[in-house]
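File shown: run-v2.cif. Contents: mmCIF, C-alpha atoms.
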data_work
loop_
_atom_site.label_atom_id
_atom_site.label_comp_id
_atom_site.auth_asym_id
_atom_site.auth_seq_id
_atom_site.Cartn_x
_atom_site.Cartn_y
_atom_site.Cartn_z
CA MET G 1 25.16 -69.27 -15.11
CA ALA G 2 24.15 -71.87 -17.65
CA ARG G 3 22.56 -70.89 -20.93
CA MET G 4 18.95 -69.67 -21.18
CA LYS G 5 16.37 -72.31 -22.07
CA PHE G 6 12.64 -72.80 -22.52
CA ILE G 7 10.72 -75.87 -21.47
CA CYS G 8 7.00 -76.61 -21.70
CA ASP G 9 5.49 -79.09 -19.28
CA ALA G 10 2.72 -80.79 -21.28
CA GLU G 11 1.26 -82.27 -18.08
CA ARG G 12 0.46 -78.76 -16.87
CA CYS G 13 -0.38 -76.75 -19.98
CA ILE G 14 -4.13 -76.07 -20.06
CA GLU G 15 -4.17 -74.27 -23.42
CA CYS G 16 -5.21 -70.96 -21.87
CA ASN G 17 -3.04 -68.99 -24.32
CA GLY G 18 -1.90 -66.71 -21.51
CA CYS G 19 1.69 -66.97 -22.82
CA VAL G 20 0.58 -65.93 -26.30
CA THR G 21 -1.33 -62.96 -24.93
CA ALA G 22 1.51 -61.93 -22.62
CA CYS G 23 3.98 -62.00 -25.51
CA LYS G 24 1.78 -60.02 -27.88
CA ASN G 25 1.01 -57.44 -25.21
CA GLU G 26 4.56 -57.07 -23.91
CA HIS G 27 6.15 -56.55 -27.30
CA GLU G 28 3.17 -55.04 -29.13
CA VAL G 29 3.57 -57.70 -31.78
CA PRO G 30 1.66 -56.72 -34.95
CA TRP G 31 -1.56 -58.34 -36.07
CA GLY G 32 -0.95 -61.63 -37.86
CA VAL G 33 2.40 -62.31 -36.20
CA ASN G 34 2.63 -64.87 -33.42
CA ARG G 35 6.00 -65.22 -31.77
CA ARG G 36 4.47 -67.82 -29.47
CA ARG G 37 1.48 -70.11 -29.92
CA VAL G 38 -0.12 -73.06 -28.19
CA VAL G 39 -0.34 -76.34 -30.10
CA THR G 40 -2.71 -79.11 -29.01
CA LEU G 41 -1.93 -82.69 -29.91
CA ASN G 42 -4.82 -85.13 -30.33
CA ASP G 43 -7.30 -82.31 -29.86
CA GLY G 44 -10.65 -83.55 -28.56
CA VAL G 45 -9.35 -87.01 -27.78
CA PRO G 46 -9.14 -88.00 -24.10
CA GLY G 47 -5.58 -87.47 -22.96
CA GLU G 48 -4.89 -84.60 -25.35
CA LYS G 49 -1.76 -82.60 -24.65
CA SER G 50 -1.02 -78.93 -25.26
CA ILE G 51 2.36 -77.29 -25.58
CA SER G 52 3.45 -73.70 -25.91
CA VAL G 53 5.81 -73.26 -28.86
CA ALA G 54 8.15 -70.45 -29.88
CA CYS G 55 11.80 -70.08 -30.81
CA MET G 56 13.69 -72.44 -28.50
CA HIS G 57 17.02 -70.64 -28.96
CA CYS G 58 18.65 -73.90 -30.06
CA SER G 59 22.20 -74.82 -29.13
CA ASP G 60 22.98 -75.60 -32.75
CA ALA G 61 20.41 -73.34 -34.41
CA PRO G 62 19.52 -74.38 -37.99
CA CYS G 63 18.33 -70.84 -38.79
CA MET G 64 21.84 -69.55 -38.17
CA ALA G 65 23.28 -72.20 -40.45
CA VAL G 66 21.06 -71.44 -43.45
CA CYS G 67 20.85 -67.63 -43.28
CA PRO G 68 22.44 -66.32 -46.50
CA VAL G 69 23.20 -62.90 -45.02
CA ASN G 70 24.38 -64.12 -41.61
CA CYS G 71 21.98 -61.91 -39.67
CA PHE G 72 21.80 -64.21 -36.62
CA TYR G 73 24.00 -64.11 -33.56
CA ARG G 74 24.04 -65.85 -30.21
CA THR G 75 24.46 -63.94 -26.99
CA GLU G 76 26.70 -65.01 -24.14
CA GLU G 77 23.60 -66.45 -22.45
CA GLY G 78 22.78 -68.67 -25.45
CA VAL G 79 19.90 -66.54 -26.74
CA VAL G 80 19.62 -66.62 -30.53
CA LEU G 81 18.88 -63.13 -31.88
CA HIS G 82 18.97 -61.52 -35.29
CA ASP G 83 19.65 -58.14 -36.83
CA LYS G 84 16.62 -56.85 -38.75
CA ASP G 85 18.77 -54.31 -40.56
CA VAL G 86 20.67 -57.20 -42.16
CA CYS G 87 17.74 -59.62 -42.72
CA ILE G 88 16.43 -59.69 -46.30
CA GLY G 89 13.26 -61.63 -45.54
CA CYS G 90 14.18 -64.60 -47.74
CA GLY G 91 12.44 -67.14 -45.51
CA TYR G 92 15.19 -69.78 -45.46
CA CYS G 93 15.17 -69.78 -41.65
CA SER G 94 11.46 -70.56 -41.72
CA TYR G 95 12.09 -73.74 -43.71
CA ALA G 96 15.02 -74.73 -41.49
CA CYS G 97 13.39 -74.14 -38.09
CA PRO G 98 11.96 -77.35 -36.54
CA PHE G 99 9.59 -75.26 -34.38
CA GLY G 100 8.09 -72.95 -37.01
CA ALA G 101 9.32 -69.94 -35.07
CA PRO G 102 10.24 -67.38 -37.77
CA GLN G 103 7.37 -65.07 -38.63
CA PHE G 104 7.08 -62.80 -41.64
CA PRO G 105 4.95 -59.70 -41.22
CA SER G 106 2.95 -59.06 -44.41
CA GLN G 107 3.80 -55.37 -44.47
CA GLY G 108 7.47 -54.81 -45.15
CA THR G 109 10.18 -53.71 -47.47
CA PHE G 110 10.56 -56.92 -49.42
CA GLY G 111 7.30 -57.52 -51.24
CA VAL G 112 4.80 -59.60 -49.34
CA ARG G 113 7.47 -60.76 -46.91
CA GLY G 114 8.83 -58.34 -44.38
CA LYS G 115 11.91 -58.88 -42.30
CA MET G 116 11.77 -61.96 -40.12
CA ASP G 117 10.37 -61.61 -36.62
CA LYS G 118 10.68 -64.15 -33.83
CA CYS G 119 10.84 -64.64 -30.09
CA THR G 120 13.82 -62.83 -28.59
CA PHE G 121 13.64 -64.49 -25.16
CA CYS G 122 12.65 -60.94 -24.14
CA ALA G 123 16.27 -59.92 -24.79
CA GLY G 124 15.69 -57.21 -27.41
CA GLY G 125 18.17 -56.96 -30.26
CA PRO G 126 21.26 -55.16 -31.54
CA GLU G 127 20.07 -51.68 -30.61
CA THR G 128 20.72 -49.67 -27.46
CA HIS G 129 19.12 -51.46 -24.52
CA GLY G 130 15.77 -50.00 -23.61
CA SER G 131 15.71 -47.62 -26.59
CA GLN G 132 12.65 -46.86 -28.67
CA ALA G 133 14.40 -48.30 -31.75
CA GLU G 134 14.95 -51.59 -29.96
CA PHE G 135 11.34 -51.75 -28.81
CA GLU G 136 9.94 -51.03 -32.26
CA LYS G 137 12.10 -53.62 -33.99
CA TYR G 138 12.44 -56.36 -31.41
CA GLY G 139 10.18 -55.62 -28.45
CA ARG G 140 10.93 -55.04 -24.82
CA ASN G 141 14.27 -56.05 -23.33
CA ARG G 142 13.20 -57.67 -20.06
CA LEU G 143 16.46 -59.54 -19.48
CA ALA G 144 18.31 -56.24 -19.28
CA GLU G 145 15.70 -55.11 -16.74
CA GLY G 146 16.47 -58.10 -14.53
CA LYS G 147 13.31 -59.97 -15.50
CA LEU G 148 12.52 -63.23 -17.25
CA PRO G 149 10.45 -63.76 -20.43
CA ALA G 150 6.89 -62.48 -20.02
CA CYS G 151 5.32 -65.70 -21.39
CA ALA G 152 6.80 -67.87 -18.64
CA GLU G 153 6.21 -65.33 -15.91
CA MET G 154 2.54 -65.02 -16.90
CA CYS G 155 1.93 -68.77 -17.24
CA SER G 156 -0.90 -69.53 -14.83
CA THR G 157 0.04 -73.17 -14.22
CA LYS G 158 3.80 -72.65 -14.55
CA ALA G 159 3.80 -75.11 -17.42
CA LEU G 160 6.15 -72.88 -19.36
CA LEU G 161 9.50 -72.46 -17.68
CA ALA G 162 12.18 -70.07 -18.88
CA GLY G 163 15.54 -68.93 -17.64
CA ASP G 164 18.81 -70.47 -16.55
CA GLY G 165 18.91 -73.97 -18.06
CA ASP G 166 20.15 -75.62 -14.88
CA VAL G 167 17.38 -74.10 -12.76
CA VAL G 168 14.76 -74.98 -15.38
CA ALA G 169 15.98 -78.59 -15.39
CA ASP G 170 16.00 -78.74 -11.59
CA ILE G 171 12.44 -77.42 -11.31
CA PHE G 172 11.17 -79.84 -13.93
CA ARG G 173 13.04 -82.80 -12.45
CA ASN G 174 11.57 -82.10 -9.04
CA ARG G 175 8.06 -81.98 -10.52
CA VAL G 176 8.49 -85.30 -12.29
CA VAL G 177 9.74 -86.94 -9.08
CA GLN G 178 6.82 -85.51 -7.09
CA ARG G 179 4.08 -86.56 -9.51
CA GLY G 180 5.79 -89.74 -10.74
CA LYS G 181 5.03 -89.23 -14.44
CA GLY G 182 5.33 -86.85 -17.38
CA ALA G 183 9.08 -86.86 -17.84
CA GLU G 184 8.77 -86.39 -21.61
CA VAL G 185 9.81 -82.93 -22.70
CA TRP G 186 8.71 -81.99 -26.17
CA GLY G 187 11.41 -80.28 -28.23
CA TRP G 188 14.14 -80.35 -25.58
CA GLY G 189 16.34 -82.84 -27.42
CA THR G 190 15.79 -81.13 -30.77
CA ALA G 191 16.73 -77.74 -29.38
CA TYR G 192 19.44 -78.50 -26.87
CA GLY G 193 20.49 -82.10 -27.46
CA SER G 194 22.91 -81.56 -30.28
CA GLN G 195 26.58 -81.47 -29.32
CA GLN G 196 27.86 -79.96 -32.52
CA ALA G 197 29.90 -76.89 -33.28
CA GLY G 198 28.42 -73.51 -32.67
CA GLN G 199 27.39 -73.96 -29.06
CA PRO G 200 28.43 -71.42 -26.51
CA ALA G 201 31.84 -72.22 -25.09
CA GLY G 202 32.74 -73.41 -21.60
CA GLY G 203 30.47 -73.24 -18.63
CA LYS G 204 27.30 -73.49 -20.69
CA SER G 205 25.11 -76.57 -20.64
CA MET L 1 53.72 -50.26 -85.20
CA THR L 2 50.55 -48.14 -85.12
CA HIS L 3 48.48 -51.29 -85.35
CA ARG L 4 50.28 -52.71 -82.29
CA LEU L 5 49.72 -49.47 -80.32
CA HIS L 6 46.05 -49.63 -81.20
CA LEU L 7 45.86 -53.21 -79.95
CA ILE L 8 47.60 -52.29 -76.68
CA ALA L 9 45.31 -49.30 -76.20
CA ILE L 10 42.21 -51.43 -76.80
CA ALA L 11 43.47 -54.10 -74.42
CA ALA L 12 44.17 -51.48 -71.72
CA LEU L 13 40.73 -49.98 -72.23
CA ALA L 14 39.07 -53.41 -71.99
CA LEU L 15 40.99 -54.12 -68.82
CA GLY L 16 39.98 -50.75 -67.38
CA THR L 17 36.30 -51.29 -68.11
CA LEU L 18 36.41 -54.76 -66.53
CA THR L 19 37.36 -53.28 -63.17
CA ALA L 20 33.88 -51.74 -63.06
CA CYS L 21 32.48 -55.27 -62.93
CA GLY L 22 34.39 -56.04 -59.74
CA GLU L 23 32.68 -56.45 -56.38
CA LYS L 24 32.37 -53.37 -54.22
CA PRO L 25 33.28 -53.69 -50.56
CA GLN L 26 30.13 -53.99 -48.43
CA THR L 27 31.02 -52.16 -45.29
CA GLY L 28 27.42 -51.48 -44.28
CA ALA L 29 26.56 -55.15 -43.79
CA GLY L 30 27.24 -57.36 -40.79
CA ILE L 31 25.82 -57.61 -37.33
CA ARG L 32 26.32 -54.73 -35.01
CA SER L 33 27.50 -55.58 -31.56
CA ASP L 34 24.87 -56.06 -28.88
CA ALA L 35 25.51 -54.89 -25.34
CA VAL L 36 25.50 -57.46 -22.55
CA PRO L 37 22.13 -57.82 -20.79
CA TYR L 38 23.53 -57.13 -17.35
CA ALA L 39 24.48 -53.64 -18.53
CA GLY L 40 20.86 -52.71 -17.80
CA THR L 41 18.53 -50.34 -19.61
CA GLY L 42 18.47 -47.43 -17.21
CA SER L 43 14.67 -47.50 -17.34
CA ASN L 44 12.39 -47.00 -14.37
CA PHE L 45 10.99 -50.48 -14.95
CA THR L 46 14.25 -52.14 -13.97
CA GLU L 47 13.78 -54.73 -11.28
CA PRO L 48 15.40 -53.72 -7.99
CA GLY L 49 17.83 -56.04 -6.21
CA TRP L 50 20.77 -55.99 -8.59
CA LYS L 51 23.30 -53.51 -9.84
CA ALA L 52 23.60 -52.65 -13.53
CA GLY L 53 26.98 -53.70 -14.88
CA ASP L 54 27.50 -56.35 -12.21
CA LYS L 55 27.13 -59.71 -13.91
CA ALA L 56 27.13 -61.75 -10.70
CA SER L 57 24.31 -59.74 -9.12
CA TRP L 58 22.29 -59.89 -12.34
CA GLU L 59 22.63 -63.68 -12.49
CA ALA L 60 21.73 -64.04 -8.83
CA GLN L 61 18.69 -61.82 -9.35
CA LEU L 62 17.45 -63.89 -12.29
CA LYS L 63 17.97 -67.19 -10.47
CA ALA L 64 16.15 -65.92 -7.40
CA ARG L 65 13.30 -64.62 -9.54
CA GLN L 66 13.11 -67.94 -11.36
CA GLN L 67 12.96 -69.93 -8.14
CA TYR L 68 10.36 -67.64 -6.60
CA GLY L 69 8.21 -67.20 -9.69
CA GLN L 70 8.36 -70.61 -11.34
CA ASN L 71 9.10 -73.16 -8.64
CA GLU L 72 6.09 -73.41 -6.36
CA TYR L 73 7.70 -76.27 -4.42
CA THR L 74 10.16 -73.83 -2.89
CA ARG L 75 7.26 -71.60 -1.87
CA THR L 76 4.86 -74.21 -0.51
CA GLN L 77 7.14 -76.71 1.20
CA THR L 78 8.76 -75.58 4.39
CA LYS L 79 10.50 -78.86 5.16
#
Render the structure in this file as structure tokens.
Amino acid sequence: MARMKFICDAERCIECNGCVTACKNEHEVPWGVNRRRVVTLNDGVPGEKSISVACMHCSDAPCMAVCPVNCFYRTEEGVVLHDKDVCIGCGYCSYACPFGAPQFPSQGTFGVRGKMDKCTFCAGGPETHGSQAEFEKYGRNRLAEGKLPACAEMCSTKALLAGDGDVVADIFRNRVVQRGKGAEVWGWGTAYGSQQAGQPAGGKS
Amino acid sequence: MTHRLHLIAIAALALGTLTACGEKPQTGAGIRSDAVPYAGTGSNFTEPGWKAGDKASWEAQLKARQQYGQNEYTRTQTK
């Protein structure tokens, strides 16, 4: 299996916010925290495009590089997760992330900034799989239940694709060939294009 | 002689107090290990069609789910 990846097809996204709602509902994300959101470019102008944005689980994740307490780790499937027991809520990852993924709940241990919260690719965190502790800190662990991220599975137009990177690329490639346009993928190169150190070893793409 | 002993005692005391300024080992920090996703959760919400602990069946399950749920071309085109 290749690594897990997200892709958002801007030709299909209709800005329904179904992915945002699915994420908030699945993980019971607190008020004021948005692990996923829909961004519209050239809003109101004919030809406007919308894209669903969250943590892309980058191959060479900048958040991992700047974290002063090294709370991030990457799973065998390429999912970038973090340990909330180690996080100090400094916010460095927020400045480093090109997608604006890290969120800081206003109620927390460290003043106005709580421990960082972000999309987990529905893979939970470093707690026992399916435990209450994991759910309260990181949300539901759908991958360990044999499911894919709720946002992509709930997407009404299948604009948001998630899962095995090779399958995601195949689905998107087939679409582009069928419709003959819309090959541009926002954020793909930024998240997965880098061939630097820190990527999962052999067999991952 | 006494003066020298005093100096040595003061130096030893200063050295002893400095050790208190040293860094304590931080054994509580660091990332705890995370179990592999194909280990399963044991919950009733687990998707049927794969066996917990079997990586190959988990991967096959996810790929099949991805093709069925996200690729409408495989569902609509029979040719």
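Shortest separation to Ala56 (chain L) among G:Lys49, G:Gly146, G:Gln132, G:Asp170 occurs at residue G:Gly146, atoms counted being all atoms listed in the file.
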Exercise. So which residues touch Pro48 (chain L) within 9 Å, counting all atoms listed in the file, skipping near sequence neighbours fewer than 2 positions away, as a PyMOL selection string?
Worked result: (chain G and resi 145-146) or (chain L and resi 45-46+50-51+61)
Six-sided padding of 8 Å per side, axis-aligned box over region 45-60 of chain L, centre and edges in Å, one decimal, as AutoDock Vina command-line options:
--center_x 19.2 --center_y -57.3 --center_z -10.6 --size_x 32.5 --size_y 29.6 --size_z 24.7
Exercise. Once the PyMOL selection byres ((chain G and resi 191) around 7) has been applied to the shown file, what residues remain in the selection, as a PyMOL selection string?
Worked result: chain G and resi 56+58-59+187-190+192-193
Exercise. The PyMOL selection byres ((chain L) within 10 of (chain G)) on the file shown: which residues, as number ranges by chain?
Worked result: L: 28-52, 55-67, 69-74
Go ahead and save the residues from that selection, with C-alpha atoms, as a PDB file, in the frame of the given file.
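Output (out-v9.pdb):
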ATOM      1  CA  GLY L  28      27.420 -51.480 -44.280  1.00  0.00           C
ATOM      2  CA  ALA L  29      26.560 -55.150 -43.790  1.00  0.00           C
ATOM      3  CA  GLY L  30      27.240 -57.360 -40.790  1.00  0.00           C
ATOM      4  CA  ILE L  31      25.820 -57.610 -37.330  1.00  0.00           C
ATOM      5  CA  ARG L  32      26.320 -54.730 -35.010  1.00  0.00           C
ATOM      6  CA  SER L  33      27.500 -55.580 -31.560  1.00  0.00           C
ATOM      7  CA  ASP L  34      24.870 -56.060 -28.880  1.00  0.00           C
ATOM      8  CA  ALA L  35      25.510 -54.890 -25.340  1.00  0.00           C
ATOM      9  CA  VAL L  36      25.500 -57.460 -22.550  1.00  0.00           C
ATOM     10  CA  PRO L  37      22.130 -57.820 -20.790  1.00  0.00           C
ATOM     11  CA  TYR L  38      23.530 -57.130 -17.350  1.00  0.00           C
ATOM     12  CA  ALA L  39      24.480 -53.640 -18.530  1.00  0.00           C
ATOM     13  CA  GLY L  40      20.860 -52.710 -17.800  1.00  0.00           C
ATOM     14  CA  THR L  41      18.530 -50.340 -19.610  1.00  0.00           C
ATOM     15  CA  GLY L  42      18.470 -47.430 -17.210  1.00  0.00           C
ATOM     16  CA  SER L  43      14.670 -47.500 -17.340  1.00  0.00           C
ATOM     17  CA  ASN L  44      12.390 -47.000 -14.370  1.00  0.00           C
ATOM     18  CA  PHE L  45      10.990 -50.480 -14.950  1.00  0.00           C
ATOM     19  CA  THR L  46      14.250 -52.140 -13.970  1.00  0.00           C
ATOM     20  CA  GLU L  47      13.780 -54.730 -11.280  1.00  0.00           C
ATOM     21  CA  PRO L  48      15.400 -53.720  -7.990  1.00  0.00           C
ATOM     22  CA  GLY L  49      17.830 -56.040  -6.210  1.00  0.00           C
ATOM     23  CA  TRP L  50      20.770 -55.990  -8.590  1.00  0.00           C
ATOM     24  CA  LYS L  51      23.300 -53.510  -9.840  1.00  0.00           C
ATOM     25  CA  ALA L  52      23.600 -52.650 -13.530  1.00  0.00           C
ATOM     26  CA  LYS L  55      27.130 -59.710 -13.910  1.00  0.00           C
ATOM     27  CA  ALA L  56      27.130 -61.750 -10.700  1.00  0.00           C
ATOM     28  CA  SER L  57      24.310 -59.740  -9.120  1.00  0.00           C
ATOM     29  CA  TRP L  58      22.290 -59.890 -12.340  1.00  0.00           C
ATOM     30  CA  GLU L  59      22.630 -63.680 -12.490  1.00  0.00           C
ATOM     31  CA  ALA L  60      21.730 -64.040  -8.830  1.00  0.00           C
ATOM     32  CA  GLN L  61      18.690 -61.820  -9.350  1.00  0.00           C
ATOM     33  CA  LEU L  62      17.450 -63.890 -12.290  1.00  0.00           C
ATOM     34  CA  LYS L  63      17.970 -67.190 -10.470  1.00  0.00           C
ATOM     35  CA  ALA L  64      16.150 -65.920  -7.400  1.00  0.00           C
ATOM     36  CA  ARG L  65      13.300 -64.620  -9.540  1.00  0.00           C
ATOM     37  CA  GLN L  66      13.110 -67.940 -11.360  1.00  0.00           C
ATOM     38  CA  GLN L  67      12.960 -69.930  -8.140  1.00  0.00           C
ATOM     39  CA  GLY L  69       8.210 -67.200  -9.690  1.00  0.00           C
ATOM     40  CA  GLN L  70       8.360 -70.610 -11.340  1.00  0.00           C
ATOM     41  CA  ASN L  71       9.100 -73.160  -8.640  1.00  0.00           C
ATOM     42  CA  GLU L  72       6.090 -73.410  -6.360  1.00  0.00           C
ATOM     43  CA  TYR L  73       7.700 -76.270  -4.420  1.00  0.00           C
ATOM     44  CA  THR L  74      10.160 -73.830  -2.890  1.00  0.00           C
TER      45      THR L  74
END
For this session: May I ask for the distance between CA of Glu184 (chain G) and CA of Lys24 (chain G), given in Å to one decimal place?
Result: 28.0 Å
Exercise. Where does the PyMOL selection byres ((chain G and resi 13) around 7) land in this file, that is, which residues does it pick, as a PyMOL selection string?
Worked result: chain G and resi 9-12+14-15+50-51+157+159
Seminar exercise, completed: One decimal place gives the CA of Val53 (chain G)-CA of Gly114 (chain G) separation as 21.7 Å
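Of the residues under consideration (G:Thr120, G:Gln103, G:Ser94, G:Ser52), G:Ser52 shows the shortest atom-to-atom contact distance to Arg36 (chain G) when counting all atoms listed in the file.
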Exercise. How many Å separate CA of Cys122 (chain G) from CA of Arg35 (chain G)?
Worked result: 11.0 Å
For this session: Tell me, as a PyMOL selection string, which residues lie within 8 Å of region 95-98 of chain G, counting all atoms listed in the file; anything in the same chain fewer than 4 positions away does not count.
Result: chain G and resi 61-63+66+91+102+190
For this session: Compare G:Met116, G:Leu41, G:Cys8, G:Val29 by their minimum atom-to-atom distance to Val185 (chain G), counting only C-alpha atoms, and give me the closest one.
Result: G:Cys8
